[in-house]
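Take a look at the structure set out below.
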Amino acid sequence: MSEVNNVISNFKQYSSWLSTIEYMGETLWFKPIAQDRWSISEIIAHITNWDKHLLSEVLPSVREEKGMEFPDFDTYNKKASEHAKSGISQSKLFEEAKDTRELLVKELYEMPIEKLNKPLTANGVTHCPHTGTPYSLLHIIKEFIDHDNYHKRQIVQFLKENI
C-alpha cells in the first residue's frame with residue numbers, strides 16, 4: 001500500500017473506533033474526563049468540527065492549489081463544545097461524527113496524489129515548525145491522525161477509570 005493510502009486508511013480508522021464507544025451511558029458521555037476538561041461528547045464534537053473544516057474549507061483550497069487556512073483554535077473549539085451541549089442526542093452526534101469522517105475519507109481517496117502531496121502554506125507558514133517538513137494536505141492529515149490518537153487515548157483512559 002502506498003504511503004498516501006496508508007495515511008488515509010489510518011485516518012479512516014477513527015470511524016470504526018467510534019463504534020467501540022458508541023453505547024456508553026449518558027452519564028459518562030457528558031461527564032468531563034478531568035477537572036476543567038471536556039466531556040467525551042465535547043471531544044467527539046471537537047474532532048467532527050475539525051473534519052467539517054477540512055471538508056468545507058481546506059479541501060476546496062487544496063484543489064485550487066491555494067494555501068490552507070485554519071481558524072483561531074480556541075474560538076473554533078468553543079463552538080464544538082457548545083454544539084455538544086446544545087441538546088444534540090448521543091446517537092445523532094455519533095452519526096454526525098461517522099458520516100463527516102467517512103465523507104472526508106472518500107474525498108481524500110478521490111483526490112489526486114499530486115494534490116495531496118503538493119507543498120502549500122498553512123496559515124501562511126510553509127514548513128512545520130516541529131519537523132521542518134513542508135506543509136501539504138497529507139502532512140496535515142498526519143497531524144490530524146496524531147490529534148485523533150491523542151483524544152482516543154484520553155477517552156480510553158477515562159473509560160478504564162470509570163467503568
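Just so we're on the same page: first chain in the C-alpha cells is A, next is B, and so on; residues restart at 1 for each chain, and ligands are numbered from 1 in the order they show up.
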
For the structure I just gave you, how does DSSP split chain A - specifically, which residues are alpha helix (DSSP H)? Reply as a ChimeraX atom specification.
/A:3-21,26-30,40-53,59-63,73-84,90-110,113-117,137-162

Provide the atom CA of A:Ala45 to atom CA of A:Pro71 distance in Å, to one decimal place.
16.2 Å

List as a PyMOL selection string the protein and nucleic acid residues near A:Asp51, meaning an atom at most 7 Å away when only C-alpha atoms are counted, but skip any in the same chain fewer than 6 places from it.
chain A and resi 100-101+104

Output for the residues just chosen: N, CA, C and O atoms as an mmCIF file, in the first residue's frame:
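Printed below is part.cif as written:
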```
data_model
loop_
_atom_site.group_PDB
_atom_site.id
_atom_site.type_symbol
_atom_site.label_atom_id
_atom_site.label_comp_id
_atom_site.auth_asym_id
_atom_site.auth_seq_id
_atom_site.Cartn_x
_atom_site.Cartn_y
_atom_site.Cartn_z
ATOM 1 N N THR A 100 -19.381 12.450 8.755
ATOM 2 C CA THR A 100 -18.440 13.508 8.350
ATOM 3 C C THR A 100 -17.076 12.910 8.038
ATOM 4 O O THR A 100 -16.466 13.223 7.010
ATOM 5 N N ARG A 101 -16.578 12.021 8.907
ATOM 6 C CA ARG A 101 -15.266 11.411 8.666
ATOM 7 C C ARG A 101 -15.302 10.556 7.403
ATOM 8 O O ARG A 101 -14.366 10.593 6.602
ATOM 9 N N LEU A 104 -15.176 12.744 4.370
ATOM 10 C CA LEU A 104 -13.837 13.314 4.260
ATOM 11 C C LEU A 104 -12.854 12.280 3.699
ATOM 12 O O LEU A 104 -12.079 12.572 2.778
#
```

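The nearest approach to A:Val62 among the residues A:Lys79, A:Lys12, A:Lys115, A:Lys92, with only C-alpha atoms taken into account, belongs to A:Lys115.
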
With distances taken over only C-alpha atoms, which residue among A:Glu65, A:Phe30, A:Ile88, A:Leu159 lies nearest A:Pro119?
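When distances to A:Pro119 are compared using only C-alpha atoms, the smallest one comes from A:Glu65.
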
One number please: atom CA of A:Leu120 to atom CA of A:Lys52, in Å, one decimal.
19.7 Å

Using only C-alpha atoms, which residues sit within 12 Å of A:Asp146 once same-chain residues fewer than 6 positions away are excluded, as a list in words?
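Within the cut-off, the hits are Val7, Asn10, Phe11, Tyr14, Ile47, His139, Ile140, Lys152 and Arg153 of chain A.
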
Distance query stretch 18-29 of chain A at most 6 Å, only C-alpha atoms, self and fewer than 2 positions along chain excluded, as a PyMOL selection string:
chain A and resi 15-16+31+40-41

What is the atom CA of A:Phe73 to atom CA of A:His53 distance in Å?
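A separation of 11.6 Å between them.
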
So, counting only C-alpha atoms, which residue among A:Glu57, A:Asp99, A:Glu69, A:Glu42 is closest to A:Gly124?
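Ranking A:Glu57, A:Asp99, A:Glu69, A:Glu42 by distance to A:Gly124, first place goes to A:Glu69.
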
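Ranking A:Asn149, A:Asn49, A:Gln154, A:Asn123 by their shortest atom-to-atom distance to A:Lys78, with only C-alpha atoms included, puts A:Asn49 first.
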
Nearest candidate to A:Gln13 (options A:Glu102, A:Ser61, A:Gly87, A:Met68; using only C-alpha atoms):
A:Glu102

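Using only C-alpha atoms, the smallest distance between any of A:Ile43, A:Val58, A:Ile33, A:Ala84 and A:Asp148 comes from A:Ile43.
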